[in-house]
Structure formats: structure tokens, C-alpha cells
$ cat input-v8.tsv   # TSV, C-alpha atoms and all ligand atoms
chain	number	residue	atom	x	y	z
F	1	MET	CA	-12.89	-92.10	232.38
F	2	TYR	CA	-14.40	-95.41	231.41
F	3	ALA	CA	-14.04	-97.71	234.42
F	4	PRO	CA	-15.27	-99.47	232.09
F	5	GLU	CA	-18.60	-97.73	232.79
F	6	LYS	CA	-18.57	-94.10	231.72
F	7	LEU	CA	-17.71	-91.91	234.72
F	8	GLY	CA	-16.97	-88.53	233.17
F	9	GLN	CA	-13.94	-86.46	234.08
F	10	LYS	CA	-11.95	-87.69	237.09
F	11	GLU	CA	-8.63	-87.38	238.76
F	12	ILE	CA	-6.96	-90.55	239.98
F	13	LEU	CA	-4.57	-90.84	242.90
F	14	VAL	CA	-2.15	-93.74	242.54
F	15	ALA	CA	0.04	-94.86	245.43
F	16	ASN	CA	2.64	-97.48	244.60
F	17	GLU	CA	0.76	-100.10	242.57
F	18	TRP	CA	-2.74	-99.20	243.76
F	19	ILE	CA	-5.54	-96.82	242.90
F	20	GLU	CA	-6.10	-94.97	246.17
F	21	GLU	CA	-8.78	-92.49	245.22
F	22	MET	CA	-10.83	-91.14	242.32
F	23	ASN	CA	-12.67	-87.86	242.32
F	24	GLU	CA	-13.56	-84.77	240.28
F	25	GLU	CA	-10.62	-83.12	241.97
F	26	ILE	CA	-8.09	-84.54	244.39
F	27	ASP	CA	-6.38	-82.08	246.69
F	28	ILE	CA	-3.10	-83.43	247.95
F	29	SER	CA	0.31	-82.00	248.74
F	30	VAL	CA	3.15	-84.45	249.18
F	31	THR	CA	6.67	-83.80	247.97
F	32	SER	CA	6.97	-87.07	246.05
F	33	LEU	CA	3.85	-86.44	243.96
F	34	THR	CA	4.19	-86.94	240.20
F	35	THR	CA	1.44	-85.53	238.00
F	36	ILE	CA	0.40	-86.94	234.63
F	37	ASP	CA	-1.63	-84.59	232.44
F	38	ALA	CA	-4.14	-86.76	230.63
F	39	GLY	CA	-5.98	-83.86	228.98
F	40	GLY	CA	-7.57	-84.91	225.67
F	41	LEU	CA	-7.24	-88.55	226.60
F	42	LEU	CA	-9.72	-91.21	227.65
F	43	ILE	CA	-8.72	-93.54	230.48
F	44	VAL	CA	-9.78	-97.19	230.41
F	45	PRO	CA	-8.69	-100.18	232.52
F	46	GLY	CA	-5.52	-102.03	231.48
F	47	PHE	CA	-6.41	-104.79	229.03
F	48	ILE	CA	-6.63	-108.45	230.02
F	49	ASP	CA	-5.60	-111.01	227.42
F	50	SER	CA	-6.81	-114.27	228.93
F	51	HIS	CA	-5.49	-116.70	226.31
F	52	VAL	CA	-1.85	-116.21	225.30
F	53	HIS	CA	0.92	-118.70	224.54
F	54	LEU	CA	3.51	-117.00	226.77
F	55	ILE	CA	6.22	-119.57	225.99
F	56	GLY	CA	5.16	-119.94	222.35
F	57	GLY	CA	3.03	-122.69	220.93
F	58	GLY	CA	2.31	-124.76	217.91
F	59	GLY	CA	4.96	-126.62	215.99
F	60	GLU	CA	2.51	-128.37	213.66
F	61	GLY	CA	5.06	-128.23	210.83
F	62	GLY	CA	8.01	-129.65	212.79
F	63	TYR	CA	10.54	-128.19	215.19
F	64	ALA	CA	11.31	-125.13	213.08
F	65	THR	CA	7.65	-124.06	213.32
F	66	ARG	CA	7.60	-123.86	217.14
F	67	THR	CA	6.67	-120.22	217.81
F	68	PRO	CA	8.88	-118.08	220.10
F	69	GLU	CA	8.28	-116.78	223.64
F	70	ALA	CA	6.61	-113.42	224.23
F	71	SER	CA	8.48	-110.39	225.62
F	72	LEU	CA	7.14	-107.73	227.99
F	73	THR	CA	6.60	-105.03	225.37
F	74	ASP	CA	4.70	-107.45	223.09
F	75	PHE	CA	1.94	-106.87	225.68
F	76	THR	CA	2.50	-103.46	227.21
F	77	ARG	CA	2.93	-101.62	223.89
F	78	TYR	CA	-0.64	-102.65	223.07
F	79	GLY	CA	-2.21	-101.86	226.45
F	80	ILE	CA	-2.18	-105.42	227.82
F	81	THR	CA	-1.25	-105.32	231.50
F	82	THR	CA	-2.62	-108.75	232.48
F	83	ALA	CA	-2.31	-112.07	230.65
F	84	VAL	CA	-3.36	-115.67	231.22
F	85	GLY	CA	-0.85	-118.11	229.76
F	86	VAL	CA	-1.70	-121.42	228.11
F	87	ILE	CA	0.41	-124.16	226.52
F	88	GLY	CA	-1.56	-125.30	223.45
F	89	THR	CA	-0.98	-128.10	220.95
F	90	ASP	CA	2.43	-129.22	222.17
F	91	GLY	CA	2.21	-130.39	225.77
F	92	ILE	CA	5.37	-132.46	225.36
F	93	THR	CA	8.19	-129.98	224.72
F	94	ARG	CA	6.19	-127.13	226.34
F	95	THR	CA	5.79	-127.80	230.05
F	96	MET	CA	4.02	-126.38	233.09
F	97	PRO	CA	7.26	-125.50	234.94
F	98	ALA	CA	8.40	-123.48	231.90
F	99	LEU	CA	5.00	-121.74	231.63
F	100	LEU	CA	4.91	-120.87	235.35
F	101	ALA	CA	8.48	-119.55	235.26
F	102	LYS	CA	7.66	-117.37	232.24
F	103	ALA	CA	4.51	-116.01	233.94
F	104	ARG	CA	6.58	-115.12	237.01
F	105	GLY	CA	9.24	-113.48	234.85
F	106	LEU	CA	6.73	-111.22	233.10
F	107	THR	CA	5.14	-110.38	236.46
F	108	GLU	CA	8.57	-109.41	237.83
F	109	GLU	CA	9.00	-107.17	234.79
F	110	GLY	CA	5.85	-105.24	235.74
F	111	MET	CA	2.74	-106.80	234.19
F	112	THR	CA	0.61	-109.48	235.87
F	113	CYS	CA	0.40	-113.07	234.60
F	114	PHE	CA	-1.78	-115.98	235.52
F	115	ILE	CA	-1.81	-119.42	233.85
F	116	HIS	CA	-4.06	-122.40	233.20
F	117	THR	CA	-2.87	-125.93	233.94
F	118	GLY	CA	-2.65	-128.46	231.11
F	119	SER	CA	-2.51	-128.23	227.33
F	120	TYR	CA	-4.62	-129.50	224.40
F	121	GLN	CA	-4.13	-132.98	225.77
F	122	PHE	CA	-6.08	-135.44	227.86
F	123	PRO	CA	-5.12	-136.71	230.43
F	124	VAL	CA	-4.25	-133.23	231.70
F	125	LYS	CA	-0.52	-132.84	232.40
F	126	THR	CA	-0.49	-130.82	235.61
F	127	LEU	CA	2.34	-129.11	237.50
F	128	THR	CA	1.78	-131.09	240.72
F	129	ASP	CA	0.13	-134.50	240.55
F	130	THR	CA	-3.48	-133.26	240.34
F	131	ILE	CA	-5.62	-130.42	239.00
F	132	GLU	CA	-6.86	-129.82	242.55
F	133	LYS	CA	-3.37	-129.31	243.99
F	134	ASP	CA	-2.37	-127.06	241.09
F	135	LEU	CA	-5.29	-124.73	241.80
F	136	LEU	CA	-5.03	-124.92	245.57
F	137	PHE	CA	-1.27	-124.44	245.93
F	138	ILE	CA	0.00	-122.49	242.91
F	139	PRO	CA	-1.19	-118.88	243.17
F	140	GLU	CA	-0.90	-118.19	239.40
F	141	ILE	CA	-3.01	-121.17	238.28
F	142	VAL	CA	-6.64	-120.07	237.84
F	143	GLY	CA	-8.12	-122.78	235.61
F	144	VAL	CA	-7.55	-125.74	233.33
F	145	GLY	CA	-6.81	-125.74	229.62
F	146	GLU	CA	-6.85	-125.07	226.85
F	147	ILE	CA	-8.20	-128.59	226.32
F	148	ALA	CA	-8.86	-129.22	222.64
F	149	ILE	CA	-12.12	-130.68	221.33
F	150	ALA	CA	-13.66	-130.85	217.84
F	151	ASP	CA	-10.17	-130.76	216.32
F	152	HIS	CA	-7.96	-133.30	214.54
F	153	ARG	CA	-5.17	-132.25	216.93
F	154	SER	CA	-7.27	-133.01	220.04
F	155	SER	CA	-6.76	-136.11	222.27
F	156	GLN	CA	-10.46	-136.74	221.50
F	157	PRO	CA	-11.59	-136.89	225.16
F	158	THR	CA	-14.84	-138.75	225.72
F	159	LEU	CA	-17.85	-137.19	227.41
F	160	GLU	CA	-16.97	-138.99	230.64
F	161	GLU	CA	-13.33	-137.87	230.54
F	162	LEU	CA	-14.13	-134.22	229.94
F	163	THR	CA	-16.86	-134.31	232.60
F	164	LYS	CA	-14.37	-135.62	235.19
F	165	VAL	CA	-11.82	-132.89	234.37
F	166	THR	CA	-14.51	-130.21	234.62
F	167	ALA	CA	-15.76	-131.57	237.93
F	168	GLU	CA	-12.23	-131.56	239.35
F	169	ALA	CA	-11.65	-128.01	238.13
F	170	ARG	CA	-14.94	-126.88	239.65
F	171	VAL	CA	-14.26	-128.29	243.12
F	172	ALA	CA	-10.64	-127.08	243.07
F	173	GLY	CA	-11.90	-123.63	242.09
F	174	MET	CA	-14.30	-123.56	245.01
F	175	LEU	CA	-11.70	-124.77	247.52
F	176	SER	CA	-9.07	-122.29	246.34
F	177	GLY	CA	-11.44	-119.34	245.86
F	178	LYS	CA	-10.42	-119.22	242.19
F	179	ALA	CA	-12.39	-119.46	238.96
F	180	GLY	CA	-11.57	-123.12	238.25
F	181	ILE	CA	-12.95	-122.75	234.74
F	182	VAL	CA	-12.02	-125.06	231.89
F	183	ASN	CA	-10.72	-123.20	228.85
F	184	ILE	CA	-11.83	-125.21	225.82
F	185	HIS	CA	-10.09	-124.95	222.45
F	186	LEU	CA	-12.61	-125.49	219.67
F	187	GLY	CA	-11.42	-126.72	216.33
F	188	ASP	CA	-13.16	-126.83	212.98
F	189	ALA	CA	-14.75	-130.29	213.32
F	190	PRO	CA	-18.56	-130.38	212.94
F	191	ASP	CA	-19.24	-131.60	216.50
F	192	GLY	CA	-18.32	-128.10	217.78
F	193	LEU	CA	-19.75	-127.45	221.25
F	194	GLU	CA	-21.61	-130.78	221.40
F	195	LEU	CA	-19.55	-132.24	224.29
F	196	LEU	CA	-20.09	-129.09	226.38
F	197	TRP	CA	-23.84	-129.07	225.71
F	198	LYS	CA	-24.00	-132.71	226.85
F	199	ILE	CA	-22.17	-131.97	230.10
F	200	VAL	CA	-24.45	-128.99	230.72
F	201	HIS	CA	-27.61	-131.04	230.00
F	202	GLU	CA	-26.65	-134.36	231.60
F	203	THR	CA	-24.79	-133.29	234.75
F	204	PRO	CA	-25.36	-130.64	237.45
F	205	ILE	CA	-22.19	-128.78	236.31
F	206	PRO	CA	-23.24	-125.21	235.41
F	207	ILE	CA	-22.57	-123.78	231.97
F	208	SER	CA	-20.43	-121.04	233.55
F	209	GLN	CA	-17.73	-123.64	234.29
F	210	PHE	CA	-16.42	-123.38	230.75
F	211	HIS	CA	-14.61	-120.74	228.73
F	212	PRO	CA	-14.82	-121.97	225.11
F	213	THR	CA	-12.45	-120.13	222.78
F	214	HIS	CA	-11.96	-119.65	219.00
F	215	ILE	CA	-15.78	-119.57	218.75
F	216	ASN	CA	-15.62	-117.23	215.74
F	217	ARG	CA	-13.61	-119.64	213.58
F	218	ASN	CA	-16.65	-120.55	211.48
F	219	ARG	CA	-20.27	-119.47	211.10
F	220	THR	CA	-21.86	-122.65	212.51
F	221	LEU	CA	-19.74	-122.59	215.65
F	222	PHE	CA	-20.35	-118.85	216.08
F	223	GLU	CA	-24.13	-119.33	215.98
F	224	ASP	CA	-24.01	-122.23	218.45
F	225	ALA	CA	-21.76	-120.12	220.72
F	226	MET	CA	-24.40	-117.38	220.59
F	227	LYS	CA	-26.90	-119.88	222.07
F	228	PHE	CA	-24.31	-120.98	224.63
F	229	ALA	CA	-23.85	-117.36	225.74
F	230	LYS	CA	-27.61	-116.79	225.95
F	231	GLN	CA	-27.87	-119.80	228.27
F	232	GLY	CA	-25.33	-118.21	230.64
F	233	GLY	CA	-22.02	-119.43	229.19
F	234	VAL	CA	-19.09	-117.07	228.60
F	235	VAL	CA	-17.74	-117.36	225.05
F	236	ASP	CA	-14.40	-116.17	223.77
F	237	PHE	CA	-13.53	-114.68	220.38
F	238	THR	CA	-9.98	-115.02	218.99
F	239	THR	CA	-8.73	-111.71	217.59
F	240	SER	CA	-5.56	-112.97	215.83
F	241	THR	CA	-6.42	-113.79	212.27
F	242	VAL	CA	-5.13	-113.86	208.71
F	243	PRO	CA	-6.99	-112.88	205.51
F	244	THR	CA	-7.25	-116.56	204.41
F	245	PHE	CA	-9.18	-117.47	207.58
F	246	LEU	CA	-11.67	-114.63	207.04
F	247	GLU	CA	-12.09	-115.63	203.38
F	248	GLU	CA	-12.82	-119.19	204.50
F	249	GLY	CA	-15.64	-118.13	206.79
F	250	GLU	CA	-14.14	-116.93	210.06
F	251	VAL	CA	-16.42	-114.33	211.70
F	252	ALA	CA	-14.54	-111.02	212.22
F	253	CYS	CA	-14.52	-110.16	215.95
F	254	SER	CA	-15.90	-106.64	215.49
F	255	LYS	CA	-18.83	-107.82	213.36
F	256	GLY	CA	-19.41	-110.88	215.56
F	257	LEU	CA	-19.60	-108.72	218.69
F	258	ALA	CA	-22.09	-106.37	217.07
F	259	GLU	CA	-24.17	-109.32	215.86
F	260	MET	CA	-24.26	-110.99	219.27
F	261	LEU	CA	-25.37	-107.74	220.91
F	262	ALA	CA	-28.05	-107.23	218.24
F	263	ASN	CA	-29.28	-110.74	219.10
F	264	ASN	CA	-29.59	-109.81	222.78
F	265	VAL	CA	-26.58	-111.68	224.09
F	266	PRO	CA	-25.64	-109.88	227.34
F	267	ILE	CA	-22.23	-108.20	226.96
F	268	SER	CA	-21.15	-109.86	230.24
F	269	GLN	CA	-21.04	-113.23	228.40
F	270	ILE	CA	-18.45	-112.21	225.82
F	271	THR	CA	-14.65	-112.01	226.00
F	272	PHE	CA	-11.93	-111.39	223.40
F	273	THR	CA	-8.43	-112.91	223.57
F	274	SER	CA	-5.51	-112.62	221.14
F	275	ASP	CA	-4.26	-116.24	221.11
F	276	GLY	CA	-0.92	-114.41	220.91
F	277	GLN	CA	2.26	-116.37	220.04
F	278	ALA	CA	0.10	-119.31	218.94
F	279	SER	CA	0.81	-120.86	215.61
F	280	LEU	CA	-2.07	-120.18	213.23
F	281	PRO	CA	-1.79	-123.26	211.04
F	282	HIS	CA	-3.76	-123.44	207.85
F	283	PHE	CA	-4.93	-126.97	207.07
F	284	SER	CA	-6.62	-128.34	203.95
F	285	LYS	CA	-9.95	-130.15	204.26
F	286	LYS	CA	-7.91	-133.38	204.40
F	287	GLY	CA	-5.89	-132.10	207.38
F	288	GLU	CA	-2.69	-131.39	205.43
F	289	LEU	CA	-0.68	-128.41	206.65
F	290	LEU	CA	-0.70	-125.66	204.02
F	291	GLY	CA	1.04	-122.89	205.94
F	292	LEU	CA	1.53	-121.37	209.35
F	293	GLN	CA	1.53	-117.87	210.84
F	294	ILE	CA	1.76	-116.45	214.34
F	295	GLY	CA	-0.87	-114.91	216.65
F	296	LYS	CA	-0.31	-111.29	217.65
F	297	MET	CA	-1.24	-109.50	220.86
F	298	HIS	CA	-1.79	-106.18	219.08
F	299	SER	CA	-4.91	-107.69	217.51
F	300	LEU	CA	-6.68	-107.64	220.91
F	301	TYR	CA	-7.33	-103.92	221.18
F	302	GLU	CA	-7.49	-103.46	217.40
F	303	ALA	CA	-10.54	-105.73	217.28
F	304	VAL	CA	-12.23	-103.78	220.09
F	305	LYS	CA	-11.44	-100.47	218.42
F	306	GLU	CA	-12.84	-101.76	215.14
F	307	ALA	CA	-16.07	-102.74	216.91
F	308	VAL	CA	-16.37	-99.14	218.16
F	309	VAL	CA	-15.29	-97.33	215.00
F	310	ALA	CA	-16.72	-99.56	212.27
F	311	GLU	CA	-19.66	-101.27	213.99
F	312	GLY	CA	-20.83	-98.49	216.29
F	313	VAL	CA	-20.59	-100.46	219.54
F	314	PRO	CA	-20.23	-97.88	222.36
F	315	LEU	CA	-16.73	-97.78	223.88
F	316	ASP	CA	-17.95	-98.47	227.43
F	317	VAL	CA	-19.64	-101.65	226.14
F	318	ALA	CA	-16.95	-102.90	223.76
F	319	ILE	CA	-14.10	-102.39	226.21
F	320	GLN	CA	-15.72	-104.80	228.70
F	321	VAL	CA	-14.70	-107.82	226.60
F	322	ILE	CA	-11.02	-107.21	227.44
F	323	THR	CA	-11.38	-105.70	230.94
F	324	SER	CA	-14.22	-106.36	233.39
F	325	ASN	CA	-15.58	-109.53	231.70
F	326	PRO	CA	-12.40	-111.64	231.80
F	327	ALA	CA	-11.65	-110.28	235.30
F	328	ARG	CA	-15.06	-111.44	236.54
F	329	HIS	CA	-15.16	-114.80	234.75
F	330	LEU	CA	-11.59	-115.73	235.72
F	331	LYS	CA	-11.86	-114.11	239.18
F	332	LEU	CA	-8.71	-112.05	238.65
F	333	ALA	CA	-8.48	-110.01	241.84
F	334	HIS	CA	-7.72	-106.27	241.52
F	335	LYS	CA	-8.09	-106.39	237.72
F	336	GLY	CA	-10.43	-105.16	234.97
F	337	HIS	CA	-11.86	-102.12	236.77
F	338	ILE	CA	-10.69	-98.62	237.60
F	339	THR	CA	-11.72	-98.35	241.22
F	340	PRO	CA	-10.04	-97.62	244.57
F	341	GLY	CA	-8.35	-100.80	245.80
F	342	ALA	CA	-7.65	-102.10	242.29
F	343	HIS	CA	-4.25	-102.25	240.67
F	344	ALA	CA	-3.33	-99.03	238.87
F	345	ASP	CA	-3.46	-100.68	235.43
F	346	LEU	CA	-4.54	-97.93	233.04
F	347	VAL	CA	-4.63	-97.32	229.31
F	348	PHE	CA	-4.80	-93.77	227.92
F	349	LEU	CA	-6.52	-93.39	224.56
F	350	ASP	CA	-6.65	-90.44	222.19
F	351	GLU	CA	-10.25	-89.26	222.52
F	352	LYS	CA	-10.69	-88.86	218.76
F	353	SER	CA	-8.61	-91.60	217.10
F	354	LEU	CA	-8.87	-94.01	220.08
F	355	GLU	CA	-5.19	-94.81	219.56
F	356	ILE	CA	-3.22	-95.96	222.60
F	357	LYS	CA	-1.18	-93.03	223.89
F	358	GLY	CA	-0.12	-94.29	227.30
F	359	VAL	CA	-0.01	-97.47	229.37
F	360	MET	CA	0.43	-97.83	233.13
F	361	ALA	CA	0.84	-101.21	234.84
F	362	LYS	CA	0.68	-101.39	238.63
F	363	GLY	CA	1.41	-97.68	238.97
F	364	VAL	CA	4.40	-97.62	236.59
F	365	VAL	CA	4.23	-95.88	233.21
F	366	HIS	CA	5.31	-98.44	230.60
F	367	MET	CA	4.53	-96.48	227.44
F	368	TRP	CA	3.91	-92.80	226.75
F	369	ASN	CA	3.36	-91.32	223.28
F	370	GLY	CA	4.76	-94.41	221.57
F	371	GLU	CA	7.95	-94.48	223.69
F	372	MET	CA	8.51	-97.63	225.78
F	373	GLU	CA	9.60	-96.42	229.21
F	374	GLN	CA	9.87	-99.98	230.57
F	375	LYS	CA	11.34	-102.91	228.69
F	376	GLY	CA	11.83	-106.60	229.39
F	377	THR	CA	15.17	-107.81	230.77
F	378	PHE	CA	16.57	-108.74	227.35
F	379	GLU	CA	14.85	-105.98	225.35
F	380	LYS	CA	17.10	-103.20	226.68
V	1	ZN	ZN	-6.40	-122.89	220.84

$ encode --input "input-v8.tsv" --output "C-alpha cells"
Amino acid sequence: MYAPEKLGQKEILVANEWIEEMNEEIDISVTSLTTIDAGGLLIVPGFIDSHVHLIGGGGEGGYATRTPEASLTDFTRYGITTAVGVIGTDGITRTMPALLAKARGLTEEGMTCFIHTGSYQFPVKTLTDTIEKDLLFIPEIVGVGEIAIADHRSSQPTLEELTKVTAEARVAGMLSGKAGIVNIHLGDAPDGLELLWKIVHETPIPISQFHPTHINRNRTLFEDAMKFAKQGGVVDFTTSTVPTFLEEGEVACSKGLAEMLANNVPISQITFTSDGQASLPHFSKKGELLGLQIGKMHSLYEAVKEAVVAEGVPLDVAIQVITSNPARHLKLAHKGHITPGAHADLVFLDEKSLEIKGVMAKGVVHMWNGEMEQKGTFEK
């Protein structure tokens, strides 16, 4: 068992959706007991994908390029038992009520979904009339974003505007007992993290208030993000990619993780997300749209596995970027750890190939040996 820390061989007692007990051996006799033999398998916490376009995203090439909604098995097949939904580029035809309803639907189907309030755009389009009320009164809303900066698709918020949003998110987070972080979409523009550095240097807002994402999209941004993480920020790699992006200088997640660790970035400061169901538009230097693909949730664990297999990052270290780290940074209660009192969200891996063999979400087996035992309402 990797909880994510390596704990050796354990038995786990699950009651309803909770982990009740873990021990070398658990002696229990109740008639309703079901036993799962996980011999030859490693057990890790269910994966958290904290940046997914649950209701689709994009649309940079017109209406026909709006990407579709995600279904339950798009997550559970690949070990993702918790997701944080975001809107993205199009905050006009994609709305907060639709995002919240989708998050609740997926949660009813057996996984757990949270959401951020807003989209790329400034001013932030909230569900209620303010960021504060969204965080205080809507249980699923844990932060703000993804707000776009350093991108030709951004609303180009000024330093003062972004500072105000971050301050609101921070106070709302404190009052609601939630993370209140601001998820920042970084584009390809040369100013990169500049706005965030200014807020960190010129105001008392701590660096931990942000969760900048797509930080591996080019070498310059990646290196600046490495500094950001060393100063106490949490930086997020995007695992969905296409060969063209990598050819043009995107840093592969597996190699980027290994490089950050070699440069003494604490593992606690790194997360991976899939950017699933996002459009992955390919623009020319002049900003013309050349083509468009779609982000995939399966890339989340694949990138972690590649870091272990190809880059030699130990499993108990690598797995943190999709389990305990997002749970801690986004304050997702009962998530990211295998421990009594946590949700029984478990992924079973083949101990040799590290392939996903089984997935349990809140005590229910969703996948076993490649067979989906639970499906979404319209997947049956
Ligand atoms: Zn984005």
C-alpha cells in the first residue's frame, strides 16, 4: 500500500463509503462482508484531477469546435475518483449553473466533483453575485478560475484587478474554511508569471494563494515556475498534450517532474492535472488558429507512470502529484490519502506493469480487470 507513503502490506476495511480500518490483518466476521483479493496489486489513493472542463471547453474555431461534456467512465476508467471542474475560454455559452449541475451529476454517479467559480474572463462571472458568496454558500466551489493571463485569449486583467480577485478569494476561503485559491491559466505570452510575482512582492497576499497551471507549456515558463515553487507556490503541469506541442518546446510532464526534483523543488509544491475535455488549440506565432484537439483524462496517470518507469521517480513520490498534493492545496476533505476516516477511493495497480487493474470510488468498485462495473446514466 502506498497511502501515498509506502506502508507495506495491509488489509483495508471499508464500510459504506469510508475507510474504517487498516492493519496487517483485520479480523472481522459479519455476514455482509465482501472480500476483494488484491494479491499482486499495489493500492494507491484514488486520483484527483483538479483541472477538468467537465462541461467541455474551447470553441476557438467556432461553434463546431466546442468540445463535449465528460462522462463518468472518462474519469473512473483511468483511476480518477475526484475532479475539480473549470469553465475555460468560453464563459459566455458555458455557465456556472451548468458546471455546478454537471459536477453534482457526476457526484451522484459515484465520483466526487468540486468546481472553481469563473472562467478565463475578468470580471469574474460568479454563480451568485460575488466570489465570497459562491465560496461561502455553494459547497462544491473551492476556488476561483481558471483566470487567463499571458494569453491572447485572456481579458488582460491589470495588476490591480487580479490583486482584488485574489484578495476576495483569500478572505472567502478563510471564512468558508475552503482553499480559496485562484487557478491561473498561463498562456504562451512572454510576460508569463510576471503578474503573480508582482502580487506576491507588492502585497501581503502569500504565494500559496495561487495555483498556476499549464506551467510546462514552454521552457521559459517552466523555469520561472520552478522558482515560484521554490518560493512556496504550488505549480501545476498539464498532462494532455499532442506531438506538435512537444516539438515546439513543451516540457514533458515526466521529464519536468524529474528535473524539478533534481533542482530541489519539494514534491509538495507540484501537481499534475489533465486539462481534460479542453480544446488544445494550435495557434501560429501571429495568433491564427492552425488546428484543434481535445484534452484527455487518461493522460493524468500515464504521465505519472512515465515519471516512474522512464525517469526513475519513486512511485510513492510521483503519485503525490495526483493524490495528496491537490487534496492539501485545494483542501479537499477526505481525499488524497488512504487513511481511516477518508473516503474509500482506491486504485489497484499491477505491481510489475503499474497498469490500472481496479478502481474503487467511495466504497464502490467501478472498474475491475478492464471491465466497467459502474457506468454513467447515459453510458449503459
Ligand atoms: Zn487553461

$ residues_around --input "input-v8.tsv" --residues "Val52 of chain F" --least-positions-apart "4" --cutoff "8 Å" --atoms "all atoms listed in the file" --output "number ranges by chain"
F: 83-86, 273-278

$ residues_around --input "input-v8.tsv" --residues "segment 241-250 of chain F" --least-positions-apart "5" --cutoff "12 Å" --atoms "all atoms listed in the file" --output "PyMOL selection string"
chain F and resi 187-188+214-223+255-256+273-285+290-300+302-303

$ closest_residue --input "input-v8.tsv" --among "F:Ile92, F:His329, F:Pro266, F:Leu127" --to "Val182 of chain F" --atoms "only C-alpha atoms"
F:His329

$ closest_residue --input "input-v8.tsv" --among "F:Asp90, F:Glu351, F:Glu311, F:Glu109" --to "ligand ZN 1 (chain V)" --atoms "only C-alpha atoms and all ligand atoms"
F:Asp90

$ closest_residue --input "input-v8.tsv" --among "F:His211, F:Gly232, F:Val313, F:Leu346" --to "Ala258 of chain F" --atoms "all atoms listed in the file"
F:Val313

$ residues_near_ligand --input "input-v8.tsv" --ligand "ligand ZN 1 (chain V)" --cutoff "9 Å" --atoms "all atoms listed in the file" --output "ChimeraX atom specification"
/F:51,86-89,120,146-148,184-187,213-214,238,275,278

$ atom_distance --input "input-v8.tsv" --atom1 "atom CA of Glu371 of chain F" --atom2 "atom CA of Phe47 of chain F"
18.5 Å

$ residues_around --input "input-v8.tsv" --residues "Leu42 of chain F" --least-positions-apart "4" --cutoff "7 Å" --atoms "all atoms listed in the file" --output "ChimeraX atom specification"
/F:1,348-351

$ closest_residue --input "input-v8.tsv" --among "F:Asn264, F:Gln374, F:Thr112, F:Thr35" --to "Thr82 of chain F" --atoms "only C-alpha atoms"
F:Thr112

$ closest_residue --input "input-v8.tsv" --among "F:Leu289, F:Gly118, F:Asp345, F:Gln9" --to "Val364 of chain F" --atoms "only C-alpha atoms"
F:Asp345

$ closest_residue --input "input-v8.tsv" --among "F:Ile149, F:Leu100, F:Ile48, F:Leu195" --to "Tyr301 of chain F" --atoms "all atoms listed in the file"
F:Ile48

$ residues_around --input "input-v8.tsv" --residues "segment 58-75 of chain F" --least-positions-apart "2" --cutoff "6 Å" --atoms "all atoms listed in the file" --output "PyMOL selection string"
chain F and resi 54-56+77-78+80+89+278-279+376

$ axis_aligned_box --input "input-v8.tsv" --around "segment 231-236 of chain F" --padding-each-side "4 Å" --output "JSON"
{"center_x": -21.1, "center_y": -118.0, "center_z": 227.2, "size_x": 21.5, "size_y": 11.6, "size_z": 14.9}

$ residues_around --input "input-v8.tsv" --residues "segment 16-32 of chain F" --least-positions-apart "6" --cutoff "9 Å" --atoms "all atoms listed in the file" --output "PDB file with C-alpha atoms, keeping the file's coordinate frame"
ATOM      1  CA  GLY F   8     -16.970 -88.530 233.170  1.00  0.00           C
ATOM      2  CA  GLN F   9     -13.940 -86.460 234.080  1.00  0.00           C
ATOM      3  CA  LYS F  10     -11.950 -87.690 237.090  1.00  0.00           C
ATOM      4  CA  HIS F 334      -7.720-106.270 241.520  1.00  0.00           C
ATOM      5  CA  ILE F 338     -10.690 -98.620 237.600  1.00  0.00           C
ATOM      6  CA  THR F 339     -11.720 -98.350 241.220  1.00  0.00           C
ATOM      7  CA  PRO F 340     -10.040 -97.620 244.570  1.00  0.00           C
ATOM      8  CA  GLY F 341      -8.350-100.800 245.800  1.00  0.00           C
ATOM      9  CA  ALA F 342      -7.650-102.100 242.290  1.00  0.00           C
ATOM     10  CA  HIS F 343      -4.250-102.250 240.670  1.00  0.00           C
ATOM     11  CA  ALA F 344      -3.330 -99.030 238.870  1.00  0.00           C
ATOM     12  CA  ASP F 345      -3.460-100.680 235.430  1.00  0.00           C
ATOM     13  CA  ALA F 361       0.840-101.210 234.840  1.00  0.00           C
ATOM     14  CA  LYS F 362       0.680-101.390 238.630  1.00  0.00           C
ATOM     15  CA  GLY F 363       1.410 -97.680 238.970  1.00  0.00           C
ATOM     16  CA  VAL F 364       4.400 -97.620 236.590  1.00  0.00           C
TER      17      VAL F 364
END

$ atom_distance --input "input-v8.tsv" --atom1 "atom CA of Thr166 of chain F" --atom2 "atom CA of Leu332 of chain F"
19.5 Å

$ atom_distance --input "input-v8.tsv" --atom1 "atom CA of Leu13 of chain F" --atom2 "atom CA of Lys305 of chain F"
27.2 Å

$ residues_near_point --input "input-v8.tsv" --point "(-3.0, -130.7, 235.5)" --cutoff "10 Å" --atoms "all atoms listed in the file" --output "ChimeraX atom specification"
/F:96,116-119,122-135,141,143-145,165,169

$ decode --input "input-v8.tsv" --residues "segment 21-29 of chain F" --atoms "N, CA, C and O atoms" --output "compact mmCIF listing (two decimals), in the first residue's frame"
# COMPACT_ATOMS: atom_id res chain seq x y z
N GLU F 21 -10.75 0.99 8.78
CA GLU F 21 -9.57 0.50 9.48
C GLU F 21 -8.54 -0.03 8.49
O GLU F 21 -8.92 -0.50 7.40
N MET F 22 -7.27 0.06 8.87
CA MET F 22 -6.19 -0.52 8.08
C MET F 22 -5.26 -1.23 9.04
O MET F 22 -4.91 -0.66 10.06
N ASN F 23 -4.87 -2.43 8.67
CA ASN F 23 -3.96 -3.16 9.54
C ASN F 23 -3.30 -4.29 8.79
O ASN F 23 -3.70 -4.61 7.67
N GLU F 24 -2.28 -4.92 9.41
CA GLU F 24 -1.63 -6.08 8.76
C GLU F 24 -2.69 -7.15 8.50
O GLU F 24 -2.73 -7.77 7.45
N GLU F 25 -3.54 -7.34 9.49
CA GLU F 25 -4.63 -8.29 9.35
C GLU F 25 -5.85 -7.74 10.08
O GLU F 25 -5.72 -7.21 11.18
N ILE F 26 -6.99 -7.84 9.46
CA ILE F 26 -8.22 -7.38 10.11
C ILE F 26 -9.12 -8.59 10.32
O ILE F 26 -9.45 -9.29 9.37
N ASP F 27 -9.46 -8.82 11.58
CA ASP F 27 -10.29 -9.98 11.92
C ASP F 27 -11.71 -9.50 12.11
O ASP F 27 -12.00 -8.74 13.03
N ILE F 28 -12.59 -9.90 11.22
CA ILE F 28 -13.97 -9.45 11.36
C ILE F 28 -14.89 -10.52 10.80
O ILE F 28 -14.57 -11.17 9.81
N SER F 29 -16.02 -10.74 11.45
CA SER F 29 -16.99 -11.67 10.90
C SER F 29 -18.37 -11.01 10.91
O SER F 29 -18.99 -10.88 11.95
